$ cat target-v9.tsv   # TSV, C-alpha atoms
chain	number	residue	atom	x	y	z
A	1	MET	CA	11.25	-113.03	20.69
A	2	ASP	CA	12.10	-110.65	23.54
A	3	ARG	CA	13.36	-107.10	23.03
A	4	ARG	CA	17.01	-107.92	23.57
A	5	LYS	CA	16.92	-110.75	21.03
A	6	SER	CA	15.13	-108.59	18.50
A	7	LEU	CA	17.79	-105.92	18.87
A	8	LYS	CA	20.49	-108.54	18.33
A	9	SER	CA	18.78	-109.60	15.13
A	10	ILE	CA	19.03	-106.03	13.88
A	11	VAL	CA	22.78	-106.10	14.33
A	12	LEU	CA	23.18	-109.46	12.66
A	13	GLY	CA	21.17	-108.12	9.75
A	14	SER	CA	21.20	-104.76	8.05
A	15	VAL	CA	22.62	-102.43	10.68
A	16	ALA	CA	26.13	-103.77	10.87
A	17	GLY	CA	26.22	-104.28	7.14
A	18	GLY	CA	25.04	-100.75	6.44
A	19	LEU	CA	27.66	-99.26	8.68
A	20	ALA	CA	30.33	-101.42	7.14
A	21	ILE	CA	29.42	-100.02	3.74
A	22	ASN	CA	30.00	-96.48	4.96
A	23	GLY	CA	33.16	-97.40	6.84
A	24	CYS	CA	35.82	-94.77	7.32
A	25	LYS	CA	36.43	-92.12	4.74
A	26	PRO	CA	39.04	-93.20	2.18
A	27	GLY	CA	42.17	-91.14	1.81
A	28	ALA	CA	45.40	-91.01	-0.10
A	29	GLU	CA	47.97	-93.62	0.82
A	30	ALA	CA	50.97	-91.30	0.89
A	31	PRO	CA	53.56	-92.43	3.49
A	32	LEU	CA	53.70	-90.48	6.74
A	33	GLU	CA	56.46	-89.83	9.19
A	34	GLU	CA	56.43	-92.45	11.95
A	35	ALA	CA	56.34	-89.72	14.60
A	36	ALA	CA	53.07	-88.44	13.17
A	37	ILE	CA	51.28	-91.69	14.00
A	38	ASP	CA	49.44	-91.62	17.29
A	39	SER	CA	49.99	-94.30	19.94
A	40	THR	CA	46.55	-95.72	19.09
A	41	ALA	CA	47.88	-96.90	15.72
A	42	VAL	CA	47.35	-100.53	14.86
A	43	LYS	CA	49.35	-102.55	12.36
A	44	TRP	CA	46.39	-103.65	10.24
A	45	ARG	CA	45.65	-100.04	9.24
A	46	THR	CA	47.70	-98.12	6.72
A	47	ASP	CA	49.76	-95.17	7.90
A	48	ARG	CA	47.22	-92.79	6.38
A	49	GLU	CA	44.35	-94.53	8.17
A	50	ASN	CA	46.19	-94.45	11.49
A	51	GLU	CA	46.87	-90.75	11.11
A	52	HIS	CA	43.24	-90.11	10.19
A	53	VAL	CA	42.08	-91.95	13.32
A	54	ALA	CA	44.56	-89.98	15.43
A	55	GLU	CA	43.27	-86.70	14.01
A	56	LEU	CA	39.67	-87.63	14.78
A	57	GLU	CA	40.54	-88.62	18.34
A	58	ARG	CA	42.18	-85.23	18.93
A	59	GLU	CA	38.93	-83.51	17.96
A	60	ARG	CA	35.76	-83.28	20.02
A	61	PHE	CA	32.18	-83.16	18.78
A	62	PHE	CA	29.78	-83.64	21.71
A	63	ASN	CA	30.00	-81.12	24.54
A	64	ASP	CA	29.52	-82.32	28.13
A	65	HIS	CA	25.76	-81.81	28.11
A	66	GLU	CA	25.31	-83.51	24.74
A	67	ALA	CA	27.48	-86.47	25.77
A	68	ALA	CA	25.52	-86.91	29.01
A	69	THR	CA	22.21	-86.74	27.15
A	70	MET	CA	23.42	-89.20	24.54
A	71	THR	CA	24.54	-91.59	27.30
A	72	VAL	CA	21.05	-91.52	28.83
A	73	LEU	CA	19.46	-92.04	25.43
A	74	CYS	CA	21.72	-94.96	24.46
A	75	ASP	CA	21.13	-96.67	27.81
A	76	LEU	CA	17.39	-96.34	27.29
A	77	ILE	CA	17.80	-98.01	23.92
A	78	LEU	CA	20.01	-100.77	25.31
A	79	PRO	CA	19.73	-100.88	29.12
A	80	GLY	CA	21.79	-103.12	31.34
A	81	GLY	CA	20.65	-105.46	34.06
A	82	SER	CA	21.61	-108.52	36.03
A	83	GLU	CA	22.11	-110.54	32.84
A	84	PHE	CA	23.24	-108.01	30.24
A	85	LYS	CA	25.53	-104.99	30.01
A	86	SER	CA	24.30	-101.55	28.97
A	87	ALA	CA	25.29	-99.40	26.03
A	88	SER	CA	27.43	-97.19	28.27
A	89	ASP	CA	29.25	-100.26	29.61
A	90	ALA	CA	30.50	-100.80	26.06
A	91	GLU	CA	31.36	-97.09	25.62
A	92	VAL	CA	28.87	-96.65	22.81
A	93	VAL	CA	28.80	-92.84	23.06
A	94	PRO	CA	32.54	-92.51	22.27
A	95	PHE	CA	31.86	-94.78	19.28
A	96	ILE	CA	29.05	-92.51	18.07
A	97	GLU	CA	31.29	-89.50	18.69
A	98	PHE	CA	33.96	-91.06	16.50
A	99	MET	CA	31.51	-91.87	13.74
A	100	ALA	CA	30.11	-88.33	13.82
A	101	LYS	CA	33.61	-86.94	13.31
A	102	ASP	CA	34.42	-89.44	10.58
A	103	LEU	CA	31.09	-88.85	8.81
A	104	PRO	CA	30.33	-85.12	9.32
A	105	GLN	CA	27.00	-85.45	7.51
A	106	MET	CA	25.69	-87.07	10.71
A	107	GLN	CA	26.52	-84.10	12.91
A	108	VAL	CA	23.55	-81.86	12.16
A	109	ASP	CA	21.10	-84.72	12.73
A	110	LEU	CA	22.74	-85.77	16.00
A	111	ARG	CA	23.06	-82.30	17.48
A	112	GLY	CA	19.64	-81.24	16.23
A	113	GLY	CA	18.08	-84.39	17.63
A	114	LEU	CA	19.56	-83.83	21.07
A	115	MET	CA	18.22	-80.27	21.00
A	116	TRP	CA	14.81	-81.63	20.01
A	117	LEU	CA	14.82	-84.01	22.98
A	118	ASP	CA	15.55	-81.19	25.40
A	119	HIS	CA	12.94	-78.93	23.83
A	120	LYS	CA	10.31	-81.67	23.94
A	121	SER	CA	11.15	-82.55	27.55
A	122	ASN	CA	11.18	-78.91	28.68
A	123	THR	CA	7.86	-78.27	26.95
A	124	GLU	CA	6.11	-81.30	28.42
A	125	PHE	CA	7.85	-81.80	31.76
A	126	GLY	CA	9.70	-78.57	32.54
A	127	THR	CA	13.15	-80.16	32.58
A	128	GLU	CA	15.86	-81.22	30.15
A	129	PHE	CA	15.72	-84.74	28.79
A	130	LYS	CA	18.57	-86.23	30.82
A	131	SER	CA	17.04	-84.93	34.06
A	132	ALA	CA	13.53	-86.19	33.38
A	133	THR	CA	12.28	-89.38	34.99
A	134	GLU	CA	12.71	-92.61	33.07
A	135	GLU	CA	8.97	-92.81	32.58
A	136	GLN	CA	8.93	-89.30	31.09
A	137	GLN	CA	11.93	-90.08	28.88
A	138	LYS	CA	10.29	-93.24	27.56
A	139	SER	CA	7.04	-91.42	26.85
A	140	ILE	CA	8.99	-89.06	24.57
A	141	LEU	CA	10.82	-91.89	22.85
A	142	ASP	CA	7.65	-93.90	22.31
A	143	GLY	CA	6.51	-91.16	19.96
A	144	ILE	CA	9.59	-91.39	17.72
A	145	ALA	CA	10.81	-94.98	18.05
A	146	TYR	CA	8.46	-96.46	15.48
A	147	TYR	CA	7.95	-95.59	11.85
A	148	ASP	CA	6.17	-96.90	8.80
A	149	PRO	CA	8.81	-98.68	6.66
A	150	ASP	CA	6.76	-97.88	3.57
A	151	VAL	CA	7.33	-94.16	4.13
A	152	PRO	CA	10.67	-92.97	2.66
A	153	SER	CA	13.06	-91.56	5.23
A	154	SER	CA	12.98	-88.22	3.42
A	155	GLU	CA	9.27	-87.96	4.27
A	156	ARG	CA	9.52	-88.96	7.93
A	157	PRO	CA	9.68	-86.40	10.74
A	158	PHE	CA	13.22	-85.29	11.58
A	159	GLU	CA	13.04	-86.63	15.11
A	160	VAL	CA	12.04	-90.10	13.88
A	161	ASN	CA	15.10	-90.29	11.63
A	162	PHE	CA	17.26	-88.99	14.48
A	163	PHE	CA	16.16	-91.77	16.80
A	164	SER	CA	16.65	-94.38	14.08
A	165	LEU	CA	20.18	-93.10	13.49
A	166	VAL	CA	21.08	-93.26	17.17
A	167	ARG	CA	19.45	-96.66	17.66
A	168	ASN	CA	21.34	-98.14	14.71
A	169	HIS	CA	24.67	-96.79	15.91
A	170	THR	CA	23.98	-97.84	19.48
A	171	MET	CA	23.41	-101.42	18.38
A	172	THR	CA	26.37	-101.45	16.02
A	173	GLY	CA	28.67	-99.88	18.59
A	174	PHE	CA	27.60	-102.31	21.30
A	175	TYR	CA	27.68	-105.51	19.30
A	176	THR	CA	31.04	-104.77	17.71
A	177	SER	CA	32.58	-104.16	21.14
A	178	LYS	CA	34.25	-106.89	23.21
A	179	ILE	CA	31.26	-106.92	25.58
A	180	GLY	CA	28.76	-107.19	22.75
A	181	ILE	CA	30.66	-109.90	20.91
A	182	GLU	CA	30.80	-111.94	24.11
A	183	GLU	CA	27.04	-111.50	24.55
A	184	LEU	CA	26.45	-112.79	21.04
A	185	GLY	CA	28.60	-115.80	21.84
A	186	TYR	CA	30.60	-115.30	18.65
A	187	LYS	CA	33.94	-117.10	18.84
A	188	GLY	CA	35.23	-116.28	15.39
A	189	ASN	CA	36.17	-118.76	12.69
A	190	MET	CA	37.22	-122.17	14.02
A	191	PRO	CA	38.02	-124.19	10.89
A	192	ASN	CA	38.64	-127.91	11.07
A	193	VAL	CA	41.26	-129.73	9.10
A	194	TRP	CA	39.44	-130.20	5.79
A	195	ASP	CA	38.23	-133.77	5.53
A	196	GLY	CA	36.20	-133.59	2.37
A	197	VAL	CA	32.56	-132.83	1.68
A	198	PRO	CA	30.34	-134.33	4.43
A	199	GLN	CA	28.82	-137.66	3.49
A	200	ASP	CA	25.23	-136.46	3.96
A	201	VAL	CA	25.85	-133.68	1.42
A	202	LEU	CA	27.34	-136.14	-1.04
A	203	ASP	CA	24.33	-138.41	-0.56
A	204	GLN	CA	21.94	-135.50	-1.07
A	205	HIS	CA	23.44	-134.80	-4.49
A	206	GLY	CA	23.93	-138.40	-5.45
A	207	VAL	CA	27.70	-138.19	-5.84
A	208	SER	CA	30.67	-139.78	-4.13
A	209	TYR	CA	34.43	-139.67	-4.05
A	210	GLU	CA	36.43	-142.25	-5.95
A	211	PRO	CA	37.99	-144.53	-3.31
A	212	GLU	CA	41.48	-144.11	-4.74
A	213	TRP	CA	41.21	-140.30	-4.75
A	214	LEU	CA	39.78	-140.24	-1.22
A	215	ALA	CA	42.61	-142.38	0.13
A	216	LYS	CA	45.23	-140.12	-1.44
A	217	CYS	CA	43.77	-136.66	-0.74
A	218	VAL	CA	41.88	-136.90	2.57
A	219	ASP	CA	43.73	-138.01	5.70
A	220	GLN	CA	41.09	-140.05	7.48
A	221	SER	CA	43.11	-140.03	10.70
A	222	LYS	CA	42.53	-136.27	11.05
A	223	ARG	CA	38.79	-136.16	10.52
A	224	ASN	CA	37.03	-133.75	12.95
A	225	ILE	CA	40.30	-132.32	14.29
A	226	VAL	CA	40.14	-128.56	14.86
A	227	ALA	CA	43.00	-126.80	13.13
A	228	GLU	CA	45.48	-124.88	15.29
A	229	TRP	CA	48.08	-122.24	14.48
A	230	ASP	CA	51.07	-120.91	16.35
A	231	GLU	CA	51.59	-117.20	17.14
A	232	GLU	CA	53.24	-116.67	13.75
A	233	GLY	CA	50.31	-118.11	11.85
A	234	ASN	CA	51.87	-121.48	11.04
A	235	LEU	CA	49.54	-124.48	10.99
A	236	ILE	CA	50.23	-126.80	13.91
A	237	SER	CA	47.77	-129.56	13.13
$ encode --input "target-v9.tsv" --output "structure tokens"
Amino acid sequence: MDRRKSLKSIVLGSVAGGLAINGCKPGAEAPLEEAAIDSTAVKWRTDRENEHVAELERERFFNDHEAATMTVLCDLILPGGSEFKSASDAEVVPFIEFMAKDLPQMQVDLRGGLMWLDHKSNTEFGTEFKSATEEQQKSILDGIAYYDPDVPSSERPFEVNFFSLVRNHTMTGFYTSKIGIEELGYKGNMPNVWDGVPQDVLDQHGVSYEPEWLAKCVDQSKRNIVAEWDEEGNLIS
């Protein structure tokens, strides 16, 4: 398995699920004035959620230097090329910025980690991390990118946990973006018109439909037809 595929497997496993558990901070569902809702509001959020998102977007966490450093770091974690897009192509840093504002407990680790990168780079190479060569940058990251899973996170060096945090959010941000979803080849649910339990499954369990029931409940003329809906969600076929 190559590096890109292994990173995809992380997303399809625990990373995306772990982030989904955290989600956005819950809040009261008191109604808000329509004028208070930012233009970024979407109908599948509640008014309170839309206002919370608008408030976060009006704030800023990373300064220019931190954002530039984070962009370099994320693109080292998930670089682009002739075949794939990079983390910055999918605007991963704005995603991490948003998550840091929504989950303030991340902020100290993110800001402290970026400071650690600059300190380490200045000490070893006489320049800040984002200005170092790619070879120098990777030599720093090689020292913090791997950890013993048997060691609790509370006992790992700070910089190791920092890199793990950024790597996880880079992968989640990328593979939940339009670009990342297209790379995964995920097309969403495409249900067929239900035509009963497949015959091989019935055979495996030694059961079968009663012919009379099958004739009444399963329209054999529509077997293997992909269901379609109109724009209002009504079933077409």
$ atom_distance --input "target-v9.tsv" --atom1 "atom CA of A:Glu91" --atom2 "atom CA of A:Gln136"
24.4 Å
$ atom_distance --input "target-v9.tsv" --atom1 "atom CA of A:Ala132" --atom2 "atom CA of A:Ala68"
12.8 Å
$ closest_residue --input "target-v9.tsv" --among "A:Gln105, A:Thr127, A:Asn234, A:Thr170" --to "A:Thr71" --atoms "all atoms listed in the file"
A:Thr170
$ atom_distance --input "target-v9.tsv" --atom1 "atom CA of A:Thr46" --atom2 "atom CA of A:Phe62"
27.5 Å
$ closest_residue --input "target-v9.tsv" --among "A:Ile181, A:Phe163, A:Asp150, A:Val72" --to "A:Glu134" --atoms "all atoms listed in the file"
A:Val72
$ residues_around --input "target-v9.tsv" --residues "A:Val166" --least-positions-apart "6" --cutoff "12 Å" --atoms "only C-alpha atoms" --output "PyMOL selection string"
chain A and resi 15+69-78+87+92-93+95-97+99-100+106-107+109-111+113-114+141+144-145+159-160+172-174
$ closest_residue --input "target-v9.tsv" --among "A:Asn122, A:Asn161, A:Gln137, A:Ser177" --to "A:Ser86" --atoms "all atoms listed in the file"
A:Ser177
$ closest_residue --input "target-v9.tsv" --among "A:Gly180, A:Pro198, A:Pro104, A:Pro94" --to "A:Asn63" --atoms "only C-alpha atoms"
A:Pro94
$ closest_residue --input "target-v9.tsv" --among "A:Leu56, A:Thr133, A:Gly126, A:Thr176" --to "A:Phe98" --atoms "all atoms listed in the file"
A:Leu56
$ residues_around --input "target-v9.tsv" --residues "A:Val197" --least-positions-apart "5" --cutoff "10 Å" --atoms "all atoms listed in the file" --output "list of chain:residue names"
A:Leu202, A:Ser208, A:Tyr209
$ axis_aligned_box --input "target-v9.tsv" --around "stretch 46-52 of chain A" --padding-each-side "3 Å" --output "AutoDock Vina command-line options"
--center_x 46.5 --center_y -94.1 --center_z 8.9 --size_x 12.5 --size_y 14.0 --size_z 11.1
$ closest_residue --input "target-v9.tsv" --among "A:Pro149, A:Phe162, A:Phe129, A:Lys101" --to "A:Arg58" --atoms "only C-alpha atoms"
A:Lys101
